[in-house]
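*Asks:* Take a look at target-v5.cif, mmCIF, C-alpha atoms:
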```cif
data_entry
loop_
_atom_site.group_PDB
_atom_site.id
_atom_site.type_symbol
_atom_site.label_atom_id
_atom_site.label_comp_id
_atom_site.auth_asym_id
_atom_site.auth_seq_id
_atom_site.Cartn_x
_atom_site.Cartn_y
_atom_site.Cartn_z
ATOM 1 C CA MET Y 15 -17.686 -12.926 -32.610
ATOM 2 C CA SER Y 16 -17.683 -11.857 -28.953
ATOM 3 C CA ILE Y 17 -16.787 -14.261 -26.171
ATOM 4 C CA PRO Y 18 -19.685 -15.041 -23.781
ATOM 5 C CA MET Y 19 -19.137 -13.916 -20.199
ATOM 6 C CA ILE Y 20 -20.592 -17.230 -18.990
ATOM 7 C CA GLU Y 21 -20.359 -20.406 -21.043
ATOM 8 C CA ILE Y 22 -21.449 -23.826 -19.798
ATOM 9 C CA LYS Y 23 -20.441 -26.802 -21.947
ATOM 10 C CA ASN Y 24 -22.101 -30.225 -21.544
ATOM 11 C CA LEU Y 25 -22.267 -29.926 -17.766
ATOM 12 C CA THR Y 26 -23.151 -33.040 -15.766
ATOM 13 C CA VAL Y 27 -23.516 -32.880 -11.990
ATOM 14 C CA ILE Y 28 -24.059 -36.029 -9.923
ATOM 15 C CA TYR Y 29 -24.632 -36.080 -6.171
ATOM 16 C CA ASN Y 30 -23.595 -39.189 -4.173
ATOM 17 C CA ALA Y 31 -22.110 -40.789 -7.277
ATOM 18 C CA GLY Y 32 -21.658 -44.553 -7.067
ATOM 19 C CA THR Y 33 -23.974 -44.953 -4.071
ATOM 20 C CA PRO Y 34 -27.626 -46.062 -3.765
ATOM 21 C CA TYR Y 35 -28.461 -42.385 -3.248
ATOM 22 C CA GLU Y 36 -26.972 -41.214 -6.538
ATOM 23 C CA VAL Y 37 -28.829 -38.291 -8.104
ATOM 24 C CA VAL Y 38 -28.117 -36.871 -11.555
ATOM 25 C CA ALA Y 39 -28.955 -33.204 -11.000
ATOM 26 C CA LEU Y 40 -27.825 -31.939 -14.416
ATOM 27 C CA LYS Y 41 -26.915 -33.888 -17.550
ATOM 28 C CA ASN Y 42 -25.120 -32.509 -20.618
ATOM 29 C CA PHE Y 43 -26.390 -29.001 -19.916
ATOM 30 C CA SER Y 44 -25.054 -26.144 -22.036
ATOM 31 C CA LEU Y 45 -25.632 -22.390 -21.816
ATOM 32 C CA LYS Y 46 -24.175 -19.070 -22.994
ATOM 33 C CA VAL Y 47 -24.729 -15.652 -21.453
ATOM 34 C CA ASP Y 48 -23.254 -12.530 -23.017
ATOM 35 C CA LYS Y 49 -21.532 -9.842 -20.984
ATOM 36 C CA GLY Y 50 -23.877 -7.490 -19.171
ATOM 37 C CA LYS Y 51 -26.959 -9.672 -19.684
ATOM 38 C CA ILE Y 52 -29.383 -10.909 -17.043
ATOM 39 C CA LEU Y 53 -30.670 -14.453 -17.490
ATOM 40 C CA VAL Y 54 -33.483 -15.812 -15.330
ATOM 41 C CA ILE Y 55 -33.404 -19.564 -14.625
ATOM 42 C CA THR Y 56 -36.767 -21.075 -13.768
ATOM 43 C CA GLY Y 57 -38.256 -24.554 -13.425
ATOM 44 C CA GLY Y 58 -39.832 -26.938 -10.956
ATOM 45 C CA ASN Y 59 -38.382 -28.252 -7.725
ATOM 46 C CA GLY Y 60 -35.441 -30.553 -8.358
ATOM 47 C CA SER Y 61 -34.926 -29.368 -11.943
ATOM 48 C CA GLY Y 62 -31.329 -28.350 -11.251
ATOM 49 C CA LYS Y 63 -31.618 -24.564 -10.961
ATOM 50 C CA SER Y 64 -29.676 -24.172 -7.725
ATOM 51 C CA THR Y 65 -27.305 -26.977 -8.738
ATOM 52 C CA LEU Y 66 -26.329 -24.948 -11.814
ATOM 53 C CA LEU Y 67 -25.367 -21.969 -9.665
ATOM 54 C CA ARG Y 68 -23.497 -24.201 -7.212
ATOM 55 C CA ALA Y 69 -21.556 -25.776 -10.051
ATOM 56 C CA ILE Y 70 -20.544 -22.349 -11.306
ATOM 57 C CA ASN Y 71 -19.379 -21.147 -7.889
ATOM 58 C CA GLY Y 72 -17.616 -24.425 -7.077
ATOM 59 C CA THR Y 73 -19.862 -26.055 -4.474
ATOM 60 C CA ALA Y 74 -21.459 -28.840 -6.557
ATOM 61 C CA PRO Y 75 -19.717 -32.065 -7.713
ATOM 62 C CA ILE Y 76 -19.071 -31.688 -11.445
ATOM 63 C CA LYS Y 77 -18.796 -35.049 -13.191
ATOM 64 C CA GLU Y 78 -18.256 -33.807 -16.730
ATOM 65 C CA GLY Y 79 -18.260 -30.586 -18.716
ATOM 66 C CA GLN Y 80 -16.702 -27.139 -18.578
ATOM 67 C CA ILE Y 81 -17.465 -23.759 -17.082
ATOM 68 C CA LEU Y 82 -15.866 -20.726 -18.711
ATOM 69 C CA ILE Y 83 -15.925 -17.141 -17.484
ATOM 70 C CA ASP Y 84 -14.965 -14.618 -20.168
ATOM 71 C CA GLY Y 85 -13.302 -17.420 -22.118
ATOM 72 C CA VAL Y 86 -11.275 -18.766 -19.179
ATOM 73 C CA ASP Y 87 -11.929 -22.353 -18.069
ATOM 74 C CA ILE Y 88 -12.602 -22.173 -14.317
ATOM 75 C CA THR Y 89 -14.100 -25.653 -13.945
ATOM 76 C CA LYS Y 90 -11.365 -26.945 -11.666
ATOM 77 C CA TRP Y 91 -10.679 -23.715 -9.812
ATOM 78 C CA SER Y 92 -11.159 -23.752 -6.043
ATOM 79 C CA THR Y 93 -14.219 -22.010 -4.623
ATOM 80 C CA PRO Y 94 -12.119 -19.184 -3.044
ATOM 81 C CA LYS Y 95 -10.415 -18.553 -6.381
ATOM 82 C CA LYS Y 96 -13.767 -18.472 -8.190
ATOM 83 C CA ALA Y 97 -15.033 -16.007 -5.582
ATOM 84 C CA LYS Y 98 -12.682 -13.384 -7.030
ATOM 85 C CA LEU Y 99 -14.822 -13.361 -10.173
ATOM 86 C CA ILE Y 100 -18.211 -14.530 -8.925
ATOM 87 C CA GLY Y 101 -20.506 -13.147 -6.236
ATOM 88 C CA VAL Y 102 -23.430 -15.104 -4.777
ATOM 89 C CA VAL Y 103 -26.633 -14.085 -2.981
ATOM 90 C CA HIS Y 104 -28.305 -17.092 -1.375
ATOM 91 C CA GLN Y 105 -31.891 -18.007 -0.583
ATOM 92 C CA ASP Y 106 -30.991 -18.247 3.111
ATOM 93 C CA THR Y 107 -30.975 -14.657 4.366
ATOM 94 C CA MET Y 108 -28.239 -15.472 6.898
ATOM 95 C CA LEU Y 109 -25.790 -16.505 4.177
ATOM 96 C CA GLY Y 110 -23.747 -14.017 2.173
ATOM 97 C CA THR Y 111 -23.121 -11.829 5.211
ATOM 98 C CA CYS Y 112 -21.376 -12.129 8.563
ATOM 99 C CA PRO Y 113 -24.412 -12.068 10.898
ATOM 100 C CA ASN Y 114 -22.499 -11.219 14.076
ATOM 101 C CA LEU Y 115 -20.896 -8.154 12.499
ATOM 102 C CA THR Y 116 -22.496 -4.775 11.899
ATOM 103 C CA ILE Y 117 -23.635 -3.460 8.532
ATOM 104 C CA GLN Y 118 -20.578 -1.214 8.392
ATOM 105 C CA GLU Y 119 -18.221 -4.065 9.294
ATOM 106 C CA ASN Y 120 -19.709 -6.250 6.555
ATOM 107 C CA PHE Y 121 -19.048 -3.515 4.008
ATOM 108 C CA GLN Y 122 -15.568 -3.084 5.429
ATOM 109 C CA LEU Y 123 -14.815 -6.751 4.731
ATOM 110 C CA THR Y 124 -15.497 -6.212 1.020
ATOM 111 C CA ASP Y 125 -12.720 -3.632 0.784
ATOM 112 C CA GLN Y 126 -9.956 -4.980 -1.429
ATOM 113 C CA LYS Y 127 -7.394 -2.997 0.519
ATOM 114 C CA LYS Y 128 -5.869 -4.302 3.738
ATOM 115 C CA TRP Y 129 -8.780 -2.992 5.747
ATOM 116 C CA TRP Y 130 -7.243 -3.879 9.118
ATOM 117 C CA LEU Y 131 -4.357 -1.444 8.594
ATOM 118 C CA PRO Y 132 -3.662 1.263 9.493
ATOM 119 C CA LEU Y 133 -5.370 1.667 12.831
ATOM 120 C CA PRO Y 134 -7.863 2.940 13.820
ATOM 121 C CA TYR Y 135 -10.399 0.997 11.792
ATOM 122 C CA LYS Y 136 -12.947 2.836 9.688
ATOM 123 C CA ARG Y 137 -16.178 3.287 11.598
ATOM 124 C CA LYS Y 138 -18.402 4.876 8.961
ATOM 125 C CA LEU Y 139 -19.926 3.831 5.684
ATOM 126 C CA SER Y 140 -18.672 5.709 2.650
ATOM 127 C CA LYS Y 141 -20.923 8.086 0.725
ATOM 128 C CA ASN Y 142 -21.268 5.547 -2.101
ATOM 129 C CA GLN Y 143 -22.150 2.764 0.344
ATOM 130 C CA ILE Y 144 -24.830 4.913 1.978
ATOM 131 C CA GLU Y 145 -26.294 5.738 -1.434
ATOM 132 C CA SER Y 146 -26.218 2.046 -2.358
ATOM 133 C CA ILE Y 147 -28.222 1.109 0.727
ATOM 134 C CA GLN Y 148 -30.668 3.990 0.187
ATOM 135 C CA ASN Y 149 -31.289 2.822 -3.371
ATOM 136 C CA THR Y 150 -32.695 -0.487 -2.119
ATOM 137 C CA GLY Y 151 -35.676 1.461 -0.820
ATOM 138 C CA LEU Y 152 -35.198 0.222 2.745
ATOM 139 C CA PRO Y 153 -34.381 2.635 5.607
ATOM 140 C CA LEU Y 154 -31.066 1.098 6.619
ATOM 141 C CA ASP Y 155 -28.536 3.833 5.900
ATOM 142 C CA SER Y 156 -28.779 5.122 9.481
ATOM 143 C CA ARG Y 157 -28.313 1.650 10.989
ATOM 144 C CA GLU Y 158 -24.683 1.056 10.113
ATOM 145 C CA ALA Y 159 -23.926 0.031 13.721
ATOM 146 C CA SER Y 160 -26.670 -2.636 13.741
ATOM 147 C CA LYS Y 161 -25.600 -6.265 13.593
ATOM 148 C CA ILE Y 162 -26.891 -8.211 10.604
ATOM 149 C CA ASN Y 163 -28.594 -10.782 12.846
ATOM 150 C CA MET Y 164 -30.742 -8.007 14.320
ATOM 151 C CA LEU Y 165 -32.275 -7.192 10.915
ATOM 152 C CA SER Y 166 -35.359 -8.692 9.292
ATOM 153 C CA GLY Y 167 -35.012 -11.185 6.446
ATOM 154 C CA GLY Y 168 -35.760 -8.540 3.823
ATOM 155 C CA GLN Y 169 -33.278 -6.110 5.362
ATOM 156 C CA ARG Y 170 -30.567 -8.795 5.424
ATOM 157 C CA GLN Y 171 -31.161 -9.594 1.763
ATOM 158 C CA ALA Y 172 -30.993 -5.914 0.855
ATOM 159 C CA ILE Y 173 -27.569 -5.688 2.497
ATOM 160 C CA ALA Y 174 -26.461 -8.958 0.855
ATOM 161 C CA VAL Y 175 -27.385 -7.568 -2.582
ATOM 162 C CA CYS Y 176 -25.504 -4.331 -1.873
ATOM 163 C CA LEU Y 177 -22.452 -6.318 -0.782
ATOM 164 C CA ALA Y 178 -22.636 -8.459 -3.934
ATOM 165 C CA PHE Y 179 -22.264 -5.356 -6.097
ATOM 166 C CA GLU Y 180 -19.659 -3.720 -3.851
ATOM 167 C CA ASN Y 181 -16.555 -5.238 -5.478
ATOM 168 C CA GLN Y 182 -17.951 -5.004 -9.018
ATOM 169 C CA LYS Y 183 -17.371 -8.672 -9.806
ATOM 170 C CA PRO Y 184 -18.137 -9.509 -13.440
ATOM 171 C CA VAL Y 185 -20.578 -12.340 -12.595
ATOM 172 C CA LEU Y 186 -23.271 -12.460 -9.908
ATOM 173 C CA LEU Y 187 -25.493 -15.427 -9.016
ATOM 174 C CA PHE Y 188 -28.810 -14.956 -7.228
ATOM 175 C CA ASP Y 189 -30.427 -18.148 -5.915
ATOM 176 C CA GLU Y 190 -34.125 -17.661 -5.048
ATOM 177 C CA PHE Y 191 -33.054 -14.687 -2.951
ATOM 178 C CA THR Y 192 -36.554 -13.135 -2.904
ATOM 179 C CA SER Y 193 -38.415 -16.256 -1.708
ATOM 180 C CA ALA Y 194 -38.783 -15.050 1.894
ATOM 181 C CA LEU Y 195 -39.555 -11.422 1.070
ATOM 182 C CA ASP Y 196 -42.850 -9.568 0.797
ATOM 183 C CA GLU Y 197 -43.871 -8.208 -2.610
ATOM 184 C CA ASN Y 198 -42.980 -4.578 -1.887
ATOM 185 C CA THR Y 199 -39.504 -5.446 -0.587
ATOM 186 C CA THR Y 200 -38.982 -7.817 -3.531
ATOM 187 C CA ASN Y 201 -39.849 -5.092 -6.050
ATOM 188 C CA ASN Y 202 -37.532 -2.611 -4.301
ATOM 189 C CA ILE Y 203 -34.572 -4.980 -4.279
ATOM 190 C CA LEU Y 204 -35.179 -6.224 -7.833
ATOM 191 C CA GLY Y 205 -35.288 -2.632 -9.021
ATOM 192 C CA TYR Y 206 -31.980 -1.960 -7.302
ATOM 193 C CA LEU Y 207 -30.485 -5.142 -8.804
ATOM 194 C CA PHE Y 208 -31.480 -4.354 -12.397
ATOM 195 C CA GLU Y 209 -30.358 -0.734 -12.155
ATOM 196 C CA ASN Y 210 -26.924 -1.640 -10.789
ATOM 197 C CA ALA Y 211 -26.450 -4.482 -13.253
ATOM 198 C CA ASN Y 212 -27.050 -2.008 -16.075
ATOM 199 C CA ILE Y 213 -24.712 0.641 -14.643
ATOM 200 C CA LEU Y 214 -21.870 -1.801 -13.885
ATOM 201 C CA ASP Y 215 -22.393 -4.035 -16.951
ATOM 202 C CA THR Y 216 -22.622 -7.049 -14.649
ATOM 203 C CA THR Y 217 -23.606 -10.487 -15.971
ATOM 204 C CA ILE Y 218 -26.257 -12.122 -13.791
ATOM 205 C CA LEU Y 219 -27.895 -15.518 -13.428
ATOM 206 C CA LEU Y 220 -31.092 -15.175 -11.425
ATOM 207 C CA VAL Y 221 -32.932 -18.269 -10.181
ATOM 208 C CA MET Y 222 -36.599 -17.527 -9.496
ATOM 209 C CA HIS Y 223 -39.876 -19.414 -9.205
ATOM 210 C CA ASN Y 224 -42.169 -16.402 -9.508
ATOM 211 C CA ILE Y 225 -41.198 -14.976 -12.884
ATOM 212 C CA SER Y 226 -44.259 -12.699 -12.930
ATOM 213 C CA LEU Y 227 -42.117 -10.274 -10.936
ATOM 214 C CA ILE Y 228 -39.705 -9.801 -13.812
ATOM 215 C CA GLU Y 229 -41.667 -10.588 -16.985
ATOM 216 C CA LYS Y 230 -42.271 -6.918 -17.785
ATOM 217 C CA ARG Y 231 -38.547 -6.193 -17.704
ATOM 218 C CA TYR Y 232 -37.847 -7.997 -21.012
ATOM 219 C CA ILE Y 233 -35.210 -10.263 -19.511
ATOM 220 C CA ASN Y 234 -34.258 -13.586 -21.065
ATOM 221 C CA ILE Y 235 -35.683 -16.641 -19.316
ATOM 222 C CA VAL Y 236 -34.485 -20.258 -19.488
ATOM 223 C CA LYS Y 237 -36.542 -23.108 -18.050
ATOM 224 C CA LEU Y 238 -34.810 -26.212 -16.685
#
```
Show the structure stored in the file as structure tokens.

*Replies:*
Amino acid sequence: MSIPMIEIKNLTVIYNAGTPYEVVALKNFSLKVDKGKILVITGGNGSGKSTLLRAINGTAPIKEGQILIDGVDITKWSTPKKAKLIGVVHQDTMLGTCPNLTIQENFQLTDQKKWWLPLPYKRKLSKNQIESIQNTGLPLDSREASKINMLSGGQRQAIAVCLAFENQKPVLLFDEFTSALDENTTNNILGYLFENANILDTTILLVMHNISLIEKRYINIVKL
């Protein structure tokens, strides 16, 4: 029997525990996702969708339960340590990138080598990076010198998705990342996401409200 890439065991997350503002965001929640699968998480506001992703990446207060990645218990790992295995694309289009740096500089930061040595720094995107940007369907491959904060919301999200796949992390989390995008841009970026996930055998949790955008893709859906 194969080991799930993501396994959640009896997860309970409580915000402001022990105070009058205590909120139980998740209670005894369990989930398994096999390697290379895409699972869409849906549900109403406050159902715990984003909390689940935050618990996995280490930014939500876990009261009880376990989180395993490829059979390894990472529940108590620090967020930076988890980031070596898990990539995140946020709903806020200014998160997931360094907005005051250029597109090329953001890609440069994903390089696992010591990118600051030797001098001079790289100034160009690689062929693979250019192709990655082109595959989002947005005309950004010629704007490598543009700062992220000069791009539109859809353009920033396209770059954030490209960056998420850049280091080929085994698990990627997407938290309502299409909510501020128009339908055409959403379809372009979703197409890029599904294609790359298939090529790289990446395991993905995708939080979305509008599941009509992905229903025809035969992807598993869980409602919280």

*Asks:* Using the chain letters and numbering of this document, enumerate as a list in words the residues selected by the PyMOL selection byres ((chain Y and resi 178) around 7).

*Replies:*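 Taken on the displayed file, the PyMOL selection byres ((chain Y and resi 178) around 7) yields the residues Gly101, Val102, Val103, Ala174, Val175, Cys176, Leu177, Phe179 and Glu180 of chain Y.
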
*Asks:* Just to be explicit: take each residue in the selection above, keep C-alpha atoms, and write the result as a PDB file, keeping the file's coordinate frame.

*Replies:*
```pdb
ATOM      1  CA  GLY Y 101     -20.506 -13.147  -6.236  1.00  0.00           C
ATOM      2  CA  VAL Y 102     -23.430 -15.104  -4.777  1.00  0.00           C
ATOM      3  CA  VAL Y 103     -26.633 -14.085  -2.981  1.00  0.00           C
ATOM      4  CA  ALA Y 174     -26.461  -8.958   0.855  1.00  0.00           C
ATOM      5  CA  VAL Y 175     -27.385  -7.568  -2.582  1.00  0.00           C
ATOM      6  CA  CYS Y 176     -25.504  -4.331  -1.873  1.00  0.00           C
ATOM      7  CA  LEU Y 177     -22.452  -6.318  -0.782  1.00  0.00           C
ATOM      8  CA  PHE Y 179     -22.264  -5.356  -6.097  1.00  0.00           C
ATOM      9  CA  GLU Y 180     -19.659  -3.720  -3.851  1.00  0.00           C
TER      10      GLU Y 180
END
```

*Asks:* Nearest to Ser146 in chain Y: which of Y:Leu186, Y:Leu123, Y:Cys112, Y:Leu207 is it, counting all atoms listed in the file?

*Replies:*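 Ranking Y:Leu186, Y:Leu123, Y:Cys112, Y:Leu207 by distance to Ser146 in chain Y, first place goes to Y:Leu207.
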
*Asks:* Using only C-alpha atoms, can you tell me which of Y:Ile213, Y:Ile228, Y:Met222, Y:Met19 comes closest to Gln182 in chain Y?

*Replies:*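 Going through Y:Ile213, Y:Ile228, Y:Met222, Y:Met19 one by one, the smallest distance to Gln182 in chain Y is for Y:Ile213.
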
*Asks:* Quick one: of Y:Val236, Y:Ile100, Y:Leu67, Y:Val37, who's nearest to Asn181 in chain Y, counting all atoms listed in the file?

*Replies:* Y:Ile100

*Asks:* Expand the PyMOL selection byres ((chain Y and resi 45) around 6) into the explicit residue set it covers here, and present it as a ChimeraX atom specification.

*Replies:* /Y:21-22,44,46

*Asks:* Check the smallest atom-to-atom distance from each of Y:Ser226, Y:Asn24, Y:Asn59, Y:Gln118 to Asn201 in chain Y using all atoms listed in the file, then report the winner.

*Replies:*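 When distances to Asn201 in chain Y are compared using all atoms listed in the file, the smallest one comes from Y:Ser226.
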
*Asks:* Please, which residues are within 12 Å of (-29.1, -15.4, -18.4) by the file's coordinates, counting only C-alpha atoms, and could they come as number ranges by chain?

*Replies:* Y: 18-22, 45-56, 66-67, 185-188, 216-222, 232-237
